[in-house]
$ cat final30.cif   # mmCIF, C-alpha atoms
data_structure
#
loop_
_atom_site.label_atom_id
_atom_site.label_comp_id
_atom_site.auth_asym_id
_atom_site.auth_seq_id
_atom_site.Cartn_x
_atom_site.Cartn_y
_atom_site.Cartn_z
CA MET O 1 26.87 -10.31 -2.69
CA SER O 2 26.31 -12.55 -5.69
CA GLY O 3 24.70 -12.15 -9.09
CA TYR O 4 23.49 -13.92 -12.20
CA GLN O 5 23.43 -12.37 -15.63
CA GLY O 6 20.32 -13.27 -17.55
CA GLN O 7 19.65 -13.18 -21.26
CA ASP O 8 19.14 -9.65 -22.60
CA ARG O 9 15.58 -8.67 -23.41
CA ASP O 10 13.90 -5.71 -25.09
CA ARG O 11 12.94 -4.11 -21.79
CA HIS O 12 13.05 -0.46 -20.82
CA SER O 13 15.01 -0.01 -17.61
CA ARG O 14 15.06 3.27 -15.75
CA ALA O 15 17.26 4.76 -13.08
CA PRO O 16 14.82 5.06 -10.17
CA GLN O 17 14.96 7.52 -7.32
CA VAL O 18 14.59 5.76 -4.00
CA LEU O 19 14.37 6.71 -0.34
CA LEU O 20 16.20 4.68 2.32
CA CYS O 21 16.51 4.95 6.10
CA ARG O 22 19.65 3.79 7.91
CA PRO O 23 18.80 1.16 10.59
CA THR O 24 20.61 3.04 13.34
CA TYR O 25 17.94 2.17 15.90
CA PHE O 26 16.82 -1.14 14.44
CA THR O 27 15.92 -3.83 16.94
CA VAL O 28 13.05 -6.24 17.48
CA SER O 29 11.52 -5.13 20.77
CA TYR O 30 7.86 -6.00 20.13
CA ARG O 31 5.88 -8.43 17.99
CA ILE O 32 3.38 -7.23 15.40
CA ASN O 33 4.01 -9.88 12.74
CA PRO O 34 4.99 -13.58 12.77
CA TRP O 35 8.62 -12.84 11.85
CA MET O 36 9.32 -10.80 14.97
CA ARG O 37 10.73 -12.60 18.02
CA PRO O 38 11.81 -10.04 20.61
CA GLU O 39 13.18 -12.78 22.84
CA GLN O 40 15.98 -13.30 20.29
CA ARG O 41 18.85 -10.81 20.27
CA THR O 42 19.01 -8.39 17.34
CA ASP O 43 22.44 -7.69 15.86
CA THR O 44 22.04 -4.03 14.94
CA ALA O 45 25.64 -3.76 13.73
CA LEU O 46 25.05 -6.59 11.26
CA ALA O 47 21.79 -4.99 10.11
CA LEU O 48 23.72 -1.78 9.45
CA ARG O 49 26.37 -3.59 7.38
CA GLN O 50 23.72 -5.37 5.33
CA TRP O 51 21.84 -2.12 4.76
CA GLU O 52 25.05 -0.37 3.69
CA ASN O 53 25.65 -3.13 1.17
CA LEU O 54 22.17 -2.55 -0.26
CA TYR O 55 22.86 1.19 -0.41
CA ASP O 56 26.12 0.58 -2.28
CA VAL O 57 24.46 -1.79 -4.77
CA TYR O 58 21.78 0.77 -5.57
CA ARG O 59 24.43 3.44 -6.12
CA ASP O 60 26.43 1.07 -8.34
CA LEU O 61 23.29 0.42 -10.42
CA GLY O 62 22.93 4.15 -11.00
CA PHE O 63 19.94 4.72 -8.73
CA ARG O 64 19.46 8.15 -7.18
CA VAL O 65 19.44 7.30 -3.47
CA ARG O 66 18.04 9.75 -0.93
CA LEU O 67 18.08 9.33 2.83
CA ILE O 68 15.69 10.13 5.66
CA ASP O 69 17.15 10.49 9.14
CA PRO O 70 16.18 7.66 11.49
CA VAL O 71 14.26 8.57 14.64
CA SER O 72 15.08 7.08 18.03
CA GLY O 73 12.19 5.01 19.33
CA LEU O 74 11.04 4.01 15.82
CA PRO O 75 13.03 0.80 15.19
CA ASP O 76 11.00 -0.18 12.12
CA MET O 77 11.62 3.11 10.32
CA VAL O 78 14.28 1.31 8.26
CA TYR O 79 11.36 -0.17 6.30
CA ALA O 80 11.01 2.96 4.18
CA ALA O 81 8.53 1.40 1.76
CA ASN O 82 5.89 1.66 4.47
CA GLY O 83 6.38 5.41 4.79
CA GLY O 84 4.03 6.35 1.95
CA THR O 85 3.28 5.97 -1.74
CA VAL O 86 4.73 8.48 -4.21
CA VAL O 87 3.37 8.75 -7.75
CA ASP O 88 3.82 11.73 -10.12
CA GLY O 89 5.24 13.83 -7.30
CA ILE O 90 2.22 13.20 -5.03
CA ALA O 91 3.03 11.62 -1.68
CA TYR O 92 0.07 9.74 -0.22
CA THR O 93 1.03 9.36 3.42
CA ALA O 94 0.98 6.22 5.53
CA ARG O 95 -1.35 5.66 8.47
CA PHE O 96 -0.16 2.67 10.44
CA ARG O 97 -2.38 0.04 12.01
CA HIS O 98 -0.21 -0.61 15.05
CA ALA O 99 0.59 2.01 17.68
CA GLU O 100 4.24 0.92 17.73
CA ARG O 101 4.72 2.31 14.22
CA ALA O 102 2.33 5.28 14.33
CA GLY O 103 5.12 7.84 14.62
CA GLU O 104 6.63 6.81 11.29
CA GLY O 105 3.78 8.30 9.26
CA PRO O 106 4.38 11.92 10.38
CA ALA O 107 8.16 11.50 10.13
CA TYR O 108 7.95 10.46 6.50
CA ALA O 109 5.28 13.08 5.72
CA ASP O 110 7.60 15.80 7.03
CA TRP O 111 10.41 14.50 4.83
CA PHE O 112 8.14 14.52 1.75
CA ARG O 113 7.18 18.15 2.41
CA THR O 114 10.75 19.26 2.90
CA ALA O 115 11.80 17.42 -0.28
CA GLY O 116 9.16 19.29 -2.31
CA PHE O 117 6.58 16.57 -2.87
CA THR O 118 2.85 17.35 -2.79
CA VAL O 119 1.64 15.68 0.39
CA ARG O 120 -1.83 14.18 0.68
CA GLU O 121 -2.64 13.00 4.19
CA ALA O 122 -4.27 9.59 4.48
CA GLN O 123 -7.50 9.20 6.43
CA ALA O 124 -7.72 5.42 6.01
CA VAL O 125 -5.21 2.95 7.40
CA ASN O 126 -2.57 2.12 4.79
CA GLU O 127 1.05 1.12 5.05
CA GLY O 128 2.48 2.76 1.96
CA GLU O 129 4.24 0.77 -0.72
CA GLY O 130 4.13 -2.22 1.54
CA ASP O 131 0.58 -2.66 0.24
CA LEU O 132 0.29 -0.25 -2.71
CA LEU O 133 2.42 -1.30 -5.69
CA LEU O 134 2.36 0.42 -9.07
CA VAL O 135 2.53 -1.76 -12.20
CA GLY O 136 2.12 0.19 -15.43
CA ASP O 137 -0.72 2.60 -14.72
CA THR O 138 -2.43 0.42 -12.12
CA VAL O 139 -1.94 0.27 -8.36
CA TYR O 140 -2.26 -3.24 -6.90
CA ALA O 141 -3.40 -2.91 -3.30
CA GLY O 142 -3.04 -5.55 -0.63
CA TYR O 143 -5.46 -5.89 2.27
CA GLY O 144 -6.38 -8.40 4.92
CA PHE O 145 -3.80 -7.67 7.61
CA ARG O 146 -2.66 -4.03 7.54
CA THR O 147 -4.11 -1.72 4.88
CA GLU O 148 -7.88 -1.16 4.99
CA PRO O 149 -9.98 -1.59 1.82
CA ALA O 150 -11.18 2.00 2.39
CA ALA O 151 -7.66 3.13 1.57
CA HIS O 152 -7.99 1.70 -1.93
CA ALA O 153 -10.65 4.23 -2.92
CA GLU O 154 -8.72 6.98 -1.18
CA ALA O 155 -5.54 6.07 -3.06
CA ALA O 156 -7.42 6.00 -6.37
CA ARG O 157 -8.66 9.57 -5.76
CA VAL O 158 -5.33 10.91 -4.52
CA LEU O 159 -3.08 9.22 -7.08
CA GLY O 160 -5.49 9.27 -10.04
CA ARG O 161 -4.87 5.62 -10.88
CA GLU O 162 -6.92 2.45 -11.09
CA VAL O 163 -6.57 0.49 -7.86
CA VAL O 164 -7.06 -3.29 -7.83
CA GLY O 165 -7.47 -4.97 -4.46
CA LEU O 166 -5.76 -8.25 -3.62
CA ARG O 167 -6.64 -10.05 -0.40
CA LEU O 168 -3.79 -11.58 1.59
CA VAL O 169 -4.61 -14.66 3.67
CA ASP O 170 -1.28 -15.91 5.08
CA PRO O 171 -0.12 -13.89 8.12
CA ARG O 172 3.53 -14.44 7.17
CA TYR O 173 2.84 -12.33 4.09
CA TYR O 174 1.07 -9.49 5.82
CA HIS O 175 2.08 -6.85 3.27
CA LEU O 176 1.61 -7.19 -0.47
CA ASP O 177 5.31 -6.63 -1.15
CA THR O 178 6.18 -9.84 0.69
CA ALA O 179 4.13 -11.98 -1.73
CA PHE O 180 4.03 -9.93 -4.95
CA ALA O 181 7.03 -8.43 -6.73
CA VAL O 182 7.10 -5.84 -9.51
CA LEU O 183 9.75 -7.01 -11.98
CA ASP O 184 8.98 -4.63 -14.85
CA PRO O 185 7.31 -1.39 -13.69
CA ALA O 186 6.14 -0.72 -17.27
CA GLY O 187 3.67 -3.57 -16.86
CA GLY O 188 2.66 -6.41 -19.14
CA PRO O 189 1.69 -10.07 -18.82
CA GLY O 190 5.02 -11.16 -17.33
CA SER O 191 5.87 -8.06 -15.32
CA VAL O 192 5.37 -9.49 -11.83
CA ALA O 193 6.12 -12.49 -9.64
CA TYR O 194 3.91 -13.78 -6.84
CA LEU O 195 3.13 -16.61 -4.44
CA PRO O 196 -0.41 -17.87 -5.20
CA ALA O 197 -1.01 -19.37 -1.75
CA ALA O 198 -0.61 -15.95 -0.12
CA PHE O 199 -3.87 -14.77 -1.74
CA ASP O 200 -7.52 -15.78 -1.58
CA ASP O 201 -9.10 -17.57 -4.53
CA ALA O 202 -10.66 -14.45 -6.05
CA SER O 203 -7.37 -12.57 -5.94
CA GLN O 204 -5.56 -15.50 -7.54
CA GLU O 205 -8.06 -15.32 -10.41
CA VAL O 206 -7.32 -11.61 -10.85
CA LEU O 207 -3.58 -12.28 -10.90
CA ARG O 208 -3.87 -15.12 -13.41
CA PHE O 209 -6.00 -12.94 -15.70
CA ARG O 210 -3.85 -9.82 -15.52
CA PHE O 211 -0.45 -11.52 -15.44
CA PRO O 212 -0.71 -14.79 -17.38
CA ASP O 213 3.06 -14.99 -17.81
CA ALA O 214 4.02 -14.08 -14.23
CA VAL O 215 6.89 -15.75 -12.41
CA ILE O 216 5.32 -18.12 -9.88
CA ALA O 217 7.45 -18.22 -6.75
CA SER O 218 8.07 -21.33 -4.72
CA GLU O 219 7.09 -21.55 -1.06
CA ALA O 220 10.77 -21.90 -0.14
CA ASP O 221 11.79 -18.71 -1.94
CA ALA O 222 8.85 -16.74 -0.52
CA ALA O 223 9.74 -17.94 2.98
CA VAL O 224 13.10 -16.12 2.81
CA LEU O 225 11.30 -13.00 1.53
CA GLY O 226 12.61 -13.61 -1.96
CA LEU O 227 9.63 -11.74 -3.40
CA ASN O 228 10.53 -8.71 -1.30
CA CYS O 229 12.89 -7.56 -4.05
CA PHE O 230 13.38 -4.38 -6.07
CA SER O 231 13.75 -4.05 -9.83
CA ASP O 232 14.57 -1.20 -12.20
CA GLY O 233 12.96 -3.17 -15.03
CA ARG O 234 16.17 -4.90 -16.05
CA THR O 235 18.05 -5.87 -12.88
CA VAL O 236 16.37 -7.40 -9.83
CA VAL O 237 17.99 -6.94 -6.41
CA HIS O 238 16.87 -9.89 -4.30
CA ALA O 239 17.61 -12.11 -1.31
CA PRO O 240 20.44 -14.48 -2.28
CA GLN O 241 18.77 -17.29 -0.34
CA ALA O 242 16.00 -17.33 -2.99
CA GLU O 243 18.07 -19.41 -5.41
CA LYS O 244 15.31 -20.84 -7.62
CA PHE O 245 13.71 -17.41 -7.90
CA ALA O 246 17.03 -15.94 -9.08
CA ALA O 247 17.41 -18.71 -11.66
CA ASP O 248 13.85 -18.16 -12.89
CA LEU O 249 14.51 -14.44 -13.25
CA ALA O 250 17.71 -15.04 -15.20
CA GLU O 251 15.84 -17.40 -17.51
CA ARG O 252 13.38 -14.56 -18.19
CA GLY O 253 16.23 -12.25 -19.14
CA PHE O 254 16.60 -10.25 -15.94
CA GLY O 255 19.96 -9.51 -14.42
CA THR O 256 20.04 -10.40 -10.75
CA VAL O 257 22.03 -9.18 -7.78
CA GLY O 258 21.78 -10.96 -4.44
CA VAL O 259 21.99 -8.79 -1.31
CA ASP O 260 21.71 -10.42 2.09
CA THR O 261 19.33 -8.58 4.44
CA SER O 262 18.70 -11.57 6.71
CA GLU O 263 19.14 -9.59 9.94
CA LEU O 264 16.53 -7.07 8.82
CA ARG O 265 14.27 -10.02 8.02
CA ARG O 266 13.96 -10.53 11.78
CA GLY O 267 11.60 -7.55 11.73
CA GLY O 268 9.57 -8.96 8.84
CA GLY O 269 11.14 -6.98 6.02
CA GLY O 270 13.66 -7.35 3.24
CA ILE O 271 15.00 -5.41 0.28
CA LYS O 272 11.74 -3.92 -0.96
CA CYS O 273 10.62 -3.08 2.56
CA CYS O 274 13.77 -0.96 2.85
CA THR O 275 13.11 0.81 -0.46
CA LEU O 276 10.52 3.51 -1.18
CA GLU O 277 10.39 4.65 -4.79
CA LEU O 278 10.05 8.39 -5.32
CA ARG O 279 8.25 8.88 -8.63
CA GLU O 280 8.30 12.44 -9.89
CA PRO O 281 6.25 13.81 -12.84
#
$ encode --input "final30.cif" --output "structure tokens"
Amino acid sequence: MSGYQGQDRDRHSRAPQVLLCRPTYFTVSYRINPWMRPEQRTDTALALRQWENLYDVYRDLGFRVRLIDPVSGLPDMVYAANGGTVVDGIAYTARFRHAERAGEGPAYADWFRTAGFTVREAQAVNEGEGDLLLVGDTVYAGYGFRTEPAAHAEAARVLGREVVGLRLVDPRYYHLDTAFAVLDPAGGPGSVAYLPAAFDDASQEVLRFRFPDAVIASEADAAVLGLNCFSDGRTVVHAPQAEKFAADLAERGFGTVGVDTSELRRGGGGIKCCTLELREP
């Protein structure tokens, strides 16, 4: 683990509540995205150690960390962000595109119910916070590979928020959270980072208009899932391989903590994929 301390800024941090899933059964046994190569051996023990490091960092930062039990036969369940979208105590459930992950939706929905959240079952295909990211009062919604545009209107009704669609065009960045990072959940012109080439021209125009002071990621940093990071508004937990991204964040006044999740990247996910934020009223 490594970190950089950036210049202090007048930014409101918060201690988020997050849901994680231990990668007990993590392996790459099928291929549903370009990152997955089942012919290469997965080191599940290493994935567990890396995940435990992430868990410890979140606890050290003061996050409230909750856990869902992993389910045998669902190796991608470690990517908790895909399990749903939780805003104001309402859990909008996930409905996965691929059969290999279909069982994760009900597993997470059951956890939300048991934990006391108000569950709203999705009818349209959506993959949770992988594609639905809250910035200020607006949900930015990725589509093109996994989540259906129909889910955008459904999410707007269920969550009571404006939803802005962003079309992804590079299959390596099949979820929004691989190409778009929320740095300051309160919102504002510099509250996000993104990789322009991951989006179509119209979506790039939307991003430039709404976030004129965004951090623009390099191709090299995006390629190690550097944008798949998690921030409390002051400190960004990120892939240590994304060195320029970390330096850019520090220059903007963010603290940074590097946590290696390279073994979990074999499945196409990183820090944010492992992290579902539980927003209560």
$ closest_residue --input "final30.cif" --among "O:Ala197, O:Leu133, O:Ala155, O:Ala217" --to "Leu168 in chain O" --atoms "only C-alpha atoms"
O:Ala197
$ closest_residue --input "final30.cif" --among "O:Asp213, O:Asp76, O:Asp260, O:Glu52" --to "Phe26 in chain O" --atoms "only C-alpha atoms"
O:Asp76
$ residues_around --input "final30.cif" --residues "Thr178 in chain O" --least-positions-apart "2" --cutoff "7 Å" --atoms "only C-alpha atoms" --output "list of chain:residue names"
O:Tyr173, O:His175, O:Leu176, O:Phe180, O:Leu225, O:Leu227, O:Asn228
$ closest_residue --input "final30.cif" --among "O:Glu251, O:Pro240, O:Ala91, O:Gly144" --to "Thr114 in chain O" --atoms "only C-alpha atoms"
O:Ala91
$ residues_around --input "final30.cif" --residues "Gly128 in chain O" --least-positions-apart "3" --cutoff "12 Å" --atoms "all atoms listed in the file" --output "VMD selection string"
chain O and resid 79 to 87 91 to 97 104 to 105 108 to 109 121 to 122 124 to 125 131 to 134 139 to 143 146 to 148 151 to 152 155 175 to 177 272 to 278
$ write_last_selection --input "final30.cif" --atoms "C-alpha atoms" --output "short mmCIF file (atom, residue, chain, number, x, y, z; two decimals), in the coordinates of the input"
data_model
loop_
_atom_site.label_atom_id
_atom_site.label_comp_id
_atom_site.auth_asym_id
_atom_site.auth_seq_id
_atom_site.Cartn_x
_atom_site.Cartn_y
_atom_site.Cartn_z
CA TYR O 79 11.36 -0.17 6.30
CA ALA O 80 11.01 2.96 4.18
CA ALA O 81 8.53 1.40 1.76
CA ASN O 82 5.89 1.66 4.47
CA GLY O 83 6.38 5.41 4.79
CA GLY O 84 4.03 6.35 1.95
CA THR O 85 3.28 5.97 -1.74
CA VAL O 86 4.73 8.48 -4.21
CA VAL O 87 3.37 8.75 -7.75
CA ALA O 91 3.03 11.62 -1.68
CA TYR O 92 0.07 9.74 -0.22
CA THR O 93 1.03 9.36 3.42
CA ALA O 94 0.98 6.22 5.53
CA ARG O 95 -1.35 5.66 8.47
CA PHE O 96 -0.16 2.67 10.44
CA ARG O 97 -2.38 0.04 12.01
CA GLU O 104 6.63 6.81 11.29
CA GLY O 105 3.78 8.30 9.26
CA TYR O 108 7.95 10.46 6.50
CA ALA O 109 5.28 13.08 5.72
CA GLU O 121 -2.64 13.00 4.19
CA ALA O 122 -4.27 9.59 4.48
CA ALA O 124 -7.72 5.42 6.01
CA VAL O 125 -5.21 2.95 7.40
CA ASP O 131 0.58 -2.66 0.24
CA LEU O 132 0.29 -0.25 -2.71
CA LEU O 133 2.42 -1.30 -5.69
CA LEU O 134 2.36 0.42 -9.07
CA VAL O 139 -1.94 0.27 -8.36
CA TYR O 140 -2.26 -3.24 -6.90
CA ALA O 141 -3.40 -2.91 -3.30
CA GLY O 142 -3.04 -5.55 -0.63
CA TYR O 143 -5.46 -5.89 2.27
CA ARG O 146 -2.66 -4.03 7.54
CA THR O 147 -4.11 -1.72 4.88
CA GLU O 148 -7.88 -1.16 4.99
CA ALA O 151 -7.66 3.13 1.57
CA HIS O 152 -7.99 1.70 -1.93
CA ALA O 155 -5.54 6.07 -3.06
CA HIS O 175 2.08 -6.85 3.27
CA LEU O 176 1.61 -7.19 -0.47
CA ASP O 177 5.31 -6.63 -1.15
CA LYS O 272 11.74 -3.92 -0.96
CA CYS O 273 10.62 -3.08 2.56
CA CYS O 274 13.77 -0.96 2.85
CA THR O 275 13.11 0.81 -0.46
CA LEU O 276 10.52 3.51 -1.18
CA GLU O 277 10.39 4.65 -4.79
CA LEU O 278 10.05 8.39 -5.32
#
$ closest_residue --input "final30.cif" --among "O:Leu54, O:Val65, O:Leu46, O:Ala202" --to "Val18 in chain O" --atoms "all atoms listed in the file"
O:Val65
$ atom_distance --input "final30.cif" --atom1 "CA of Gly188 in chain O" --atom2 "CA of Pro16 in chain O"
19.0 Å
$ resolve_selection --input "final30.cif" --expression "the PyMOL selection byres ((chain O and resi 24) around 10)" --output "ChimeraX atom specification"
/O:21-23,25-27,44-45,47-48,69-72,74-75,77-78
$ write_last_selection --input "final30.cif" --atoms "C-alpha atoms" --output "short mmCIF file (atom, residue, chain, number, x, y, z; two decimals), in the frame of the given file"
data_model
loop_
_atom_site.label_atom_id
_atom_site.label_comp_id
_atom_site.auth_asym_id
_atom_site.auth_seq_id
_atom_site.Cartn_x
_atom_site.Cartn_y
_atom_site.Cartn_z
CA CYS O 21 16.51 4.95 6.10
CA ARG O 22 19.65 3.79 7.91
CA PRO O 23 18.80 1.16 10.59
CA TYR O 25 17.94 2.17 15.90
CA PHE O 26 16.82 -1.14 14.44
CA THR O 27 15.92 -3.83 16.94
CA THR O 44 22.04 -4.03 14.94
CA ALA O 45 25.64 -3.76 13.73
CA ALA O 47 21.79 -4.99 10.11
CA LEU O 48 23.72 -1.78 9.45
CA ASP O 69 17.15 10.49 9.14
CA PRO O 70 16.18 7.66 11.49
CA VAL O 71 14.26 8.57 14.64
CA SER O 72 15.08 7.08 18.03
CA LEU O 74 11.04 4.01 15.82
CA PRO O 75 13.03 0.80 15.19
CA MET O 77 11.62 3.11 10.32
CA VAL O 78 14.28 1.31 8.26
#
$ atom_distance --input "final30.cif" --atom1 "CA of His98 in chain O" --atom2 "CA of Glu162 in chain O"
27.2 Å
$ closest_residue --input "final30.cif" --among "O:Val163, O:Ala181, O:Leu195, O:Val169" --to "Phe145 in chain O" --atoms "all atoms listed in the file"
O:Val169
$ atom_distance --input "final30.cif" --atom1 "CA of Phe117 in chain O" --atom2 "CA of Arg265 in chain O"
29.7 Å
$ closest_residue --input "final30.cif" --among "O:Leu61, O:Leu19, O:Ala239, O:Ala150" --to "Glu263 in chain O" --atoms "all atoms listed in the file"
O:Ala239
$ residues_around --input "final30.cif" --residues "Leu249 in chain O" --least-positions-apart "6" --cutoff "12 Å" --atoms "all atoms listed in the file" --output "ChimeraX atom specification"
/O:3-9,181-184,190-193,214-217,226-227,229,231,233-238,242-243,255-258
$ residues_around --input "final30.cif" --residues "Gly62 in chain O" --least-positions-apart "4" --cutoff "12 Å" --atoms "only C-alpha atoms" --output "list in words"
Ser13, Arg14, Ala15, Pro16, Gln17, Val18, Tyr55, Asp56, Val57, Tyr58, Asp232 and Thr235 of chain O
$ decode --input "final30.cif" --residues "range 197-219 of chain O" --atoms "C-alpha atoms" --output "PDB file, in the first residue's frame"
ATOM      1  CA  ALA O 197     -12.216   7.860 -25.484  1.00  0.00           C
ATOM      2  CA  ALA O 198     -14.447   5.438 -23.569  1.00  0.00           C
ATOM      3  CA  PHE O 199     -17.538   7.472 -24.548  1.00  0.00           C
ATOM      4  CA  ASP O 200     -19.266   8.425 -27.784  1.00  0.00           C
ATOM      5  CA  ASP O 201     -19.044  12.001 -29.039  1.00  0.00           C
ATOM      6  CA  ALA O 202     -22.415  13.073 -27.633  1.00  0.00           C
ATOM      7  CA  SER O 203     -21.564  11.757 -24.182  1.00  0.00           C
ATOM      8  CA  GLN O 204     -18.200  13.510 -24.262  1.00  0.00           C
ATOM      9  CA  GLU O 205     -20.049  16.769 -24.927  1.00  0.00           C
ATOM     10  CA  VAL O 206     -22.278  16.148 -21.905  1.00  0.00           C
ATOM     11  CA  LEU O 207     -19.254  15.460 -19.715  1.00  0.00           C
ATOM     12  CA  ARG O 208     -17.391  18.558 -20.887  1.00  0.00           C
ATOM     13  CA  PHE O 209     -20.456  20.721 -20.219  1.00  0.00           C
ATOM     14  CA  ARG O 210     -21.288  19.311 -16.798  1.00  0.00           C
ATOM     15  CA  PHE O 211     -17.735  18.815 -15.540  1.00  0.00           C
ATOM     16  CA  PRO O 212     -15.528  21.472 -17.157  1.00  0.00           C
ATOM     17  CA  ASP O 213     -12.828  21.017 -14.517  1.00  0.00           C
ATOM     18  CA  ALA O 214     -12.812  17.203 -14.466  1.00  0.00           C
ATOM     19  CA  VAL O 215      -9.621  15.195 -14.135  1.00  0.00           C
ATOM     20  CA  ILE O 216      -8.922  13.728 -17.571  1.00  0.00           C
ATOM     21  CA  ALA O 217      -7.375  10.296 -17.199  1.00  0.00           C
ATOM     22  CA  SER O 218      -4.649   8.949 -19.425  1.00  0.00           C
ATOM     23  CA  GLU O 219      -5.114   5.780 -21.465  1.00  0.00           C
TER      24      GLU O 219
END
